[in-house]
$ cat query.cif   # mmCIF, C-alpha atoms
data_target
#
loop_
_atom_site.label_atom_id
_atom_site.label_comp_id
_atom_site.auth_asym_id
_atom_site.auth_seq_id
_atom_site.Cartn_x
_atom_site.Cartn_y
_atom_site.Cartn_z
CA MET S 222 -40.93 -4.67 -9.60
CA VAL S 223 -41.73 -8.26 -8.65
CA ASP S 224 -39.32 -11.01 -9.74
CA GLN S 225 -40.83 -12.52 -12.89
CA SER S 226 -40.08 -16.01 -11.58
CA MET S 227 -42.33 -15.34 -8.60
CA ARG S 228 -45.93 -15.39 -9.74
CA ILE S 229 -48.49 -14.17 -7.19
CA PRO S 230 -51.77 -16.09 -7.65
CA GLU S 231 -54.77 -13.76 -7.68
CA LYS S 232 -58.52 -14.43 -7.84
CA GLN S 233 -61.39 -11.98 -7.91
CA HIS S 234 -64.52 -12.62 -5.86
CA PRO S 235 -67.42 -13.27 -5.89
CA ASP S 236 -66.63 -16.48 -7.72
CA LYS S 237 -69.12 -19.30 -8.38
CA GLN S 238 -66.69 -22.11 -7.61
CA ALA S 239 -65.46 -20.40 -4.45
CA LYS S 240 -69.07 -20.03 -3.29
CA LYS S 241 -69.59 -23.79 -3.73
CA ASP S 242 -66.31 -24.56 -1.96
CA TYR S 243 -67.28 -22.32 0.97
CA GLU S 244 -70.72 -23.92 1.30
CA LEU S 245 -69.20 -27.41 1.22
CA LEU S 246 -67.08 -26.65 4.29
CA VAL S 247 -69.20 -28.34 6.94
CA GLY S 248 -68.42 -28.84 10.61
CA ILE S 249 -66.48 -25.57 10.93
CA ASN S 250 -69.41 -23.15 11.09
CA GLU S 251 -68.01 -21.35 14.13
CA GLN S 252 -64.70 -20.66 12.37
CA LYS S 253 -66.50 -19.55 9.21
CA THR S 254 -68.69 -17.13 11.16
CA GLN S 255 -65.82 -15.68 13.20
CA LEU S 256 -63.55 -15.22 10.19
CA LEU S 257 -66.22 -13.55 8.08
CA LYS S 258 -67.31 -11.25 10.91
CA THR S 259 -63.74 -10.20 11.71
CA LEU S 260 -62.87 -9.54 8.06
CA GLN S 261 -66.00 -7.45 7.68
CA MET S 262 -65.10 -5.36 10.73
CA LEU S 263 -61.46 -4.94 9.67
CA LEU S 264 -62.29 -3.95 6.11
CA ASP S 265 -65.53 -2.00 6.46
CA GLU S 266 -64.77 1.06 8.60
CA GLY S 267 -67.86 2.81 7.26
CA ARG S 268 -70.12 0.36 9.03
CA ILE S 269 -68.33 0.89 12.34
CA ASP S 270 -68.41 4.68 11.98
CA LYS S 271 -72.15 4.58 11.25
CA TRP S 272 -72.75 2.38 14.30
CA ALA S 273 -70.68 4.72 16.52
CA LYS S 274 -72.65 7.78 15.42
CA THR S 275 -75.90 5.97 16.09
CA HIS S 276 -75.08 4.70 19.58
CA HIS S 277 -72.48 7.12 21.01
CA LYS S 278 -72.58 10.91 21.26
CA THR S 279 -68.84 11.18 21.88
CA THR S 280 -65.94 9.49 20.11
CA LEU S 281 -64.98 6.09 21.53
CA SER S 282 -61.26 5.88 22.17
CA ILE S 283 -61.39 2.13 21.53
CA LEU S 284 -62.26 2.87 17.89
CA MET S 285 -58.81 4.32 17.35
CA HIS S 286 -57.28 1.06 18.55
CA LEU S 287 -59.47 -0.78 16.07
CA LYS S 288 -58.54 1.51 13.18
CA ASN S 289 -54.85 1.35 14.08
CA GLY S 290 -54.92 -2.37 14.79
CA SER S 291 -53.19 -5.13 12.91
CA PRO S 292 -54.82 -6.61 9.78
CA LEU S 293 -53.39 -10.05 10.64
CA ILE S 294 -55.46 -13.21 11.15
CA ILE S 295 -54.04 -16.65 11.97
CA LEU S 296 -55.71 -19.96 11.12
CA SER S 297 -53.96 -22.82 12.91
CA GLY S 298 -54.47 -26.46 13.77
CA GLU S 299 -54.45 -29.96 12.43
CA VAL S 300 -53.89 -30.84 8.78
CA GLY S 301 -56.93 -31.61 6.68
CA CYS S 302 -59.36 -29.53 8.73
CA GLY S 303 -60.32 -26.84 6.22
CA LYS S 304 -57.97 -23.93 6.99
CA THR S 305 -56.65 -23.37 3.47
CA ALA S 306 -59.97 -24.10 1.78
CA LEU S 307 -61.68 -21.54 4.00
CA ALA S 308 -59.05 -18.86 3.40
CA GLN S 309 -59.24 -19.39 -0.36
CA SER S 310 -63.05 -19.28 -0.54
CA VAL S 311 -64.06 -16.72 2.11
CA GLY S 312 -63.56 -13.89 -0.38
CA THR S 313 -66.89 -14.65 -2.01
CA PRO S 314 -69.18 -14.38 1.06
CA LEU S 315 -67.12 -11.36 2.12
CA ALA S 316 -67.70 -9.72 -1.27
CA GLU S 317 -71.42 -10.41 -0.94
CA LEU S 318 -71.48 -8.89 2.55
CA LEU S 319 -69.55 -5.76 1.57
CA GLY S 320 -71.25 -5.38 -1.79
CA ILE S 321 -67.93 -4.92 -3.61
CA LYS S 322 -65.39 -7.11 -5.37
CA VAL S 323 -62.68 -8.73 -3.25
CA LYS S 324 -59.24 -9.68 -4.57
CA VAL S 325 -57.60 -12.72 -2.94
CA PHE S 326 -53.84 -13.08 -3.36
CA GLU S 327 -51.63 -15.99 -2.30
CA THR S 328 -47.92 -15.97 -1.61
CA PRO S 329 -46.07 -17.99 -4.27
CA SER S 330 -44.69 -21.40 -3.40
CA ASN S 331 -41.14 -20.24 -4.20
CA ILE S 332 -41.24 -17.16 -1.98
CA ARG S 333 -38.13 -18.29 -0.08
CA GLY S 334 -36.09 -17.92 -3.26
CA ASN S 335 -32.79 -19.61 -4.05
CA GLY S 336 -31.12 -19.21 -0.67
CA LEU S 337 -28.92 -16.28 -1.66
CA VAL S 338 -28.25 -13.59 0.92
CA GLY S 339 -31.25 -11.28 1.21
CA ALA S 340 -33.46 -13.38 -1.09
CA ILE S 341 -36.20 -14.10 1.45
CA SER S 342 -36.36 -10.51 2.66
CA SER S 343 -36.50 -9.00 -0.82
CA ARG S 344 -39.14 -11.45 -2.04
CA ILE S 345 -41.38 -10.88 0.99
CA THR S 346 -41.12 -7.14 0.37
CA GLU S 347 -41.91 -7.61 -3.32
CA VAL S 348 -45.04 -9.63 -2.57
CA PHE S 349 -46.49 -7.11 -0.14
CA GLU S 350 -45.64 -4.10 -2.29
CA SER S 351 -47.06 -5.77 -5.39
CA VAL S 352 -50.31 -6.71 -3.65
CA LEU S 353 -50.78 -3.20 -2.23
CA SER S 354 -50.09 -1.67 -5.66
CA LYS S 355 -52.80 -3.84 -7.22
CA LEU S 356 -55.44 -2.63 -4.73
CA LYS S 357 -57.23 0.61 -5.52
CA ASN S 358 -58.38 2.70 -2.58
CA ASP S 359 -61.99 1.55 -3.05
CA GLU S 360 -61.07 -2.14 -3.31
CA VAL S 361 -60.69 -4.87 -0.67
CA GLY S 362 -58.03 -7.57 -0.65
CA LEU S 363 -56.89 -10.64 1.24
CA LEU S 364 -53.32 -11.92 1.22
CA VAL S 365 -53.16 -15.62 2.12
CA ILE S 366 -49.84 -16.91 3.46
CA ASP S 367 -50.02 -20.72 3.60
CA GLU S 368 -47.48 -22.69 5.66
CA ALA S 369 -46.73 -19.44 7.46
CA ASP S 370 -44.36 -21.17 9.89
CA ASP S 371 -41.93 -21.40 6.95
CA LEU S 372 -41.60 -17.60 7.05
CA ALA S 373 -42.49 -16.67 10.62
CA THR S 374 -40.57 -19.18 12.77
CA SER S 375 -39.56 -17.75 16.13
CA ARG S 376 -36.20 -16.02 16.26
CA SER S 377 -35.48 -18.00 19.45
CA GLN S 378 -35.40 -21.31 17.63
CA ASN S 379 -31.88 -22.75 17.80
CA GLN S 380 -31.95 -23.76 14.15
CA ALA S 381 -33.16 -20.36 12.94
CA HIS S 382 -30.72 -19.19 10.27
CA HIS S 383 -29.66 -15.55 9.97
CA GLU S 384 -31.55 -15.26 6.66
CA ASP S 385 -34.71 -16.64 8.30
CA ARG S 386 -34.46 -14.13 11.13
CA ALA S 387 -33.92 -11.31 8.67
CA GLY S 388 -36.91 -12.48 6.62
CA LEU S 389 -39.06 -12.59 9.73
CA ASN S 390 -38.14 -9.02 10.62
CA VAL S 391 -39.12 -7.89 7.13
CA LEU S 392 -42.39 -9.85 7.33
CA ILE S 393 -43.31 -8.08 10.58
CA ARG S 394 -42.48 -4.68 9.08
CA GLN S 395 -44.57 -5.42 6.00
CA ILE S 396 -47.58 -6.44 8.10
CA ASP S 397 -47.27 -3.15 9.97
CA ALA S 398 -46.90 -1.32 6.64
CA VAL S 399 -50.27 -2.69 5.48
CA ARG S 400 -51.98 -0.92 8.38
CA LYS S 401 -50.13 2.34 7.67
CA SER S 402 -50.82 2.19 3.93
CA GLY S 403 -54.51 2.94 4.33
CA LYS S 404 -55.34 0.13 1.89
CA ARG S 405 -58.09 -2.30 2.84
CA LEU S 406 -56.02 -5.47 2.95
CA ALA S 407 -56.15 -8.27 5.50
CA VAL S 408 -53.37 -10.85 5.88
CA ILE S 409 -54.38 -14.45 6.62
CA MET S 410 -51.60 -16.72 7.88
CA ILE S 411 -52.17 -20.48 7.83
CA THR S 412 -50.05 -22.85 9.90
CA ASN S 413 -50.12 -26.35 11.31
CA ARG S 414 -47.53 -25.37 13.93
CA VAL S 415 -48.63 -22.17 15.61
CA VAL S 416 -46.30 -22.84 18.56
CA VAL S 417 -43.25 -22.09 16.41
CA LEU S 418 -44.50 -18.71 15.20
CA ASP S 419 -42.56 -15.77 16.56
CA PRO S 420 -44.28 -14.03 19.51
CA ALA S 421 -44.10 -10.70 17.67
CA VAL S 422 -46.26 -12.19 14.92
CA ARG S 423 -48.72 -13.78 17.31
CA ARG S 424 -49.09 -10.51 19.25
CA ARG S 425 -50.22 -8.76 16.07
CA THR S 426 -53.22 -10.98 15.42
CA SER S 427 -56.71 -9.53 15.41
CA LEU S 428 -58.10 -13.07 15.34
CA HIS S 429 -56.63 -16.52 15.92
CA LEU S 430 -58.87 -19.41 14.87
CA ILE S 431 -57.98 -22.96 15.87
CA PHE S 432 -59.05 -25.91 13.71
CA ASP S 433 -59.12 -29.44 15.09
CA ARG S 434 -60.51 -32.77 13.97
CA PRO S 435 -64.29 -33.19 14.00
CA SER S 436 -66.00 -34.69 17.02
CA GLY S 437 -69.43 -34.61 18.63
CA GLU S 438 -71.97 -32.52 16.72
CA ARG S 439 -69.37 -31.43 14.15
CA LEU S 440 -68.58 -35.06 13.30
CA GLU S 441 -72.26 -35.93 12.96
CA GLU S 442 -72.84 -32.88 10.76
CA LEU S 443 -69.97 -33.95 8.51
CA LEU S 444 -71.21 -37.52 8.20
CA GLN S 445 -74.73 -36.29 7.46
CA SER S 446 -73.32 -34.10 4.71
CA ILE S 447 -71.41 -37.01 3.20
CA LEU S 448 -74.49 -39.25 3.23
CA GLN S 449 -76.96 -36.59 2.13
CA GLY S 450 -79.15 -38.02 -0.64
CA THR S 451 -78.94 -41.58 0.67
CA ASP S 452 -81.55 -43.33 2.81
CA TYR S 453 -79.36 -43.91 5.84
CA THR S 454 -80.99 -44.85 9.15
CA LYS S 455 -80.37 -43.55 12.65
CA LYS S 456 -78.90 -46.94 13.50
CA GLU S 457 -76.38 -46.64 10.66
CA MET S 458 -75.44 -43.11 11.67
CA ASP S 459 -74.99 -44.19 15.30
CA ALA S 460 -72.76 -47.05 14.16
CA LEU S 461 -70.58 -44.66 12.13
CA LEU S 462 -70.30 -42.24 15.05
CA LYS S 463 -69.42 -45.07 17.42
CA TYR S 464 -66.72 -46.37 15.10
CA CYS S 465 -65.17 -42.93 14.54
CA ASN S 466 -65.24 -42.09 18.24
CA ALA S 467 -63.58 -45.40 19.12
CA GLN S 468 -60.41 -44.50 17.21
CA SER S 469 -57.45 -43.43 19.33
CA ILE S 470 -56.64 -40.84 16.64
CA PRO S 471 -59.68 -38.98 15.22
CA PHE S 472 -60.33 -38.89 11.49
CA SER S 473 -59.73 -35.49 9.88
CA TYR S 474 -62.16 -33.80 7.51
CA SER S 475 -60.00 -34.70 4.54
CA ASP S 476 -59.71 -38.31 5.78
CA LEU S 477 -63.49 -38.70 5.73
CA ILE S 478 -64.19 -36.74 2.55
CA GLN S 479 -61.15 -36.99 0.29
CA ARG S 480 -60.15 -40.57 1.14
CA VAL S 481 -63.02 -42.58 2.60
CA ALA S 482 -66.02 -41.01 0.86
CA LYS S 483 -64.27 -40.87 -2.52
CA GLN S 484 -63.09 -44.48 -2.27
CA ALA S 485 -66.60 -45.59 -1.32
CA LEU S 486 -68.07 -43.62 -4.21
CA PHE S 487 -65.58 -45.10 -6.69
CA GLU S 488 -66.41 -48.57 -5.35
CA ALA S 489 -70.15 -47.94 -5.81
CA VAL S 490 -69.60 -46.84 -9.41
CA ASP S 491 -67.31 -49.80 -10.11
CA GLN S 492 -69.83 -52.29 -8.68
CA ASP S 493 -72.78 -50.41 -10.20
CA VAL S 494 -74.54 -50.21 -6.83
CA PRO S 495 -75.92 -47.26 -4.83
CA PHE S 496 -73.64 -45.24 -2.58
CA ASN S 497 -74.88 -45.82 0.96
CA ALA S 498 -73.95 -45.83 4.63
CA ALA S 499 -73.01 -49.51 4.65
CA LEU S 500 -70.52 -49.08 1.80
CA PHE S 501 -69.12 -45.96 3.43
CA LYS S 502 -68.61 -47.82 6.72
CA GLN S 503 -66.92 -50.76 4.97
CA THR S 504 -64.51 -48.34 3.34
CA LEU S 505 -64.00 -46.45 6.59
CA GLU S 506 -62.93 -49.65 8.35
CA LYS S 507 -60.21 -50.18 5.74
CA ASN S 508 -58.65 -46.77 6.37
CA GLU S 509 -56.67 -45.39 9.28
CA PRO S 510 -56.75 -41.73 10.35
CA THR S 511 -53.77 -39.67 9.24
CA PRO S 512 -51.27 -39.22 12.10
CA LEU S 513 -51.66 -36.25 14.40
CA LEU S 514 -49.13 -33.47 14.25
CA GLY S 515 -46.61 -33.81 17.05
CA GLU S 516 -46.60 -31.03 19.59
CA GLN S 517 -43.48 -28.89 19.18
CA THR S 518 -42.03 -26.57 21.76
CA ILE S 519 -39.80 -23.55 21.41
CA ASN S 520 -36.38 -23.87 22.98
#

$ encode --input "query.cif" --output "structure tokens"
Amino acid sequence: MVDQSMRIPEKQHPDKQAKKDYELLVGINEQKTQLLKTLQMLLDEGRIDKWAKTHHKTTLSILMHLKNGSPLIILSGEVGCGKTALAQSVGTPLAELLGIKVKVFETPSNIRGNGLVGAISSRITEVFESVLSKLKNDEVGLLVIDEADDLATSRSQNQAHHEDRAGLNVLIRQIDAVRKSGKRLAVIMITNRVVVLDPAVRRRTSLHLIFDRPSGERLEELLQSILQGTDYTKKEMDALLKYCNAQSIPFSYSDLIQRVAKQALFEAVDQDVPFNAALFKQTLEKNEPTPLLGEQTIN
């Protein structure tokens, strides 16, 4: 039975708000496509079996590797680039693709517990067992583990405490147990510091998607989305691109949307003037990009 102090957030998809959130994630179309395709393949064995019967007269040995493979996916990269938002909203397009409801669970913020001996290990076990128990055999689920480096830091790290190493061992066993359970559950780990994840975790990934700050076509797509509905000119767009590209540190998605665009919108409302490219650029010039994450190496 799960510790009553440890609530496991759960949402059922499709969900109208999640659909909107997913559609608003611009500039990461490649990651969205890859994640959705991989989840569909991991969780819809019927489709793969049907394809195999259609195209192959004999059984493909590679299919056994797929069926026995790990349900783990890692989303890594810079802060503010859409990893968590994508993991939390992908359940809706997945539900639409599979034609069934999808349950999305998240590990609780207090999963590490109170620091007592065995607390991390027991709470990790409780989360996985609880999630699996809530999934019927005909249901599909996603377990999202945000800030995964907090649970899966490499055992070779000098500062790794005995409890952390024990928790990591349990985490690895529970990921393996998902595959053996026969339940259709995928585990999505999110981290800003993939280099500190234990090699045993990284080896188990069926997909590793890297998120970085927008540039090139992705930056232009994001800016176009922000200014959609305004009468911006090509000259104004070029000026915005030039300014963004001139920064030694690129702006993140959240920099441009949550800080700059919101501030510009609030300013437009306060001044009772239209929101436009000029106001957005003025606001942009008053903001600095959030610092990049420092590269960390494993000792």

$ atom_distance --input "query.cif" --atom1 "atom CA of Leu319 of chain S" --atom2 "atom CA of Gln238 of chain S"
19.0 Å

$ residues_around --input "query.cif" --residues "Ser375 of chain S" --least-positions-apart "3" --cutoff "7 Å" --atoms "all atoms listed in the file" --output "compact mmCIF listing (two decimals) with C-alpha atoms, in the frame of the given file"
# COMPACT_ATOMS: atom_id res chain seq x y z
CA GLN S 378 -35.40 -21.31 17.63
CA VAL S 417 -43.25 -22.09 16.41
CA LEU S 418 -44.50 -18.71 15.20
CA ASP S 419 -42.56 -15.77 16.56
CA PRO S 420 -44.28 -14.03 19.51

$ residues_around --input "query.cif" --residues "Thr511 of chain S" --least-positions-apart "3" --cutoff "12 Å" --atoms "all atoms listed in the file" --output "CSV table (one decimal) with C-alpha atoms, in the frame of the given file"
chain,number,residue,atom,x,y,z
S,299,GLU,CA,-54.4,-30.0,12.4
S,300,VAL,CA,-53.9,-30.8,8.8
S,301,GLY,CA,-56.9,-31.6,6.7
S,302,CYS,CA,-59.4,-29.5,8.7
S,434,ARG,CA,-60.5,-32.8,14.0
S,468,GLN,CA,-60.4,-44.5,17.2
S,469,SER,CA,-57.4,-43.4,19.3
S,470,ILE,CA,-56.6,-40.8,16.6
S,471,PRO,CA,-59.7,-39.0,15.2
S,472,PHE,CA,-60.3,-38.9,11.5
S,473,SER,CA,-59.7,-35.5,9.9
S,474,TYR,CA,-62.2,-33.8,7.5
S,475,SER,CA,-60.0,-34.7,4.5
S,476,ASP,CA,-59.7,-38.3,5.8
S,477,LEU,CA,-63.5,-38.7,5.7
S,479,GLN,CA,-61.2,-37.0,0.3
S,480,ARG,CA,-60.2,-40.6,1.1
S,481,VAL,CA,-63.0,-42.6,2.6
S,508,ASN,CA,-58.6,-46.8,6.4
S,514,LEU,CA,-49.1,-33.5,14.2

$ atom_distance --input "query.cif" --atom1 "atom CA of Lys304 of chain S" --atom2 "atom CA of Arg405 of chain S"
22.0 Å

$ closest_residue --input "query.cif" --among "S:Arg423, S:Lys357, S:Lys240, S:Lys253" --to "Ser402 of chain S" --atoms "all atoms listed in the file"
S:Lys357

$ closest_residue --input "query.cif" --among "S:Val365, S:Thr313, S:Gln255, S:Leu389" --to "Ile345 of chain S" --atoms "all atoms listed in the file"
S:Leu389
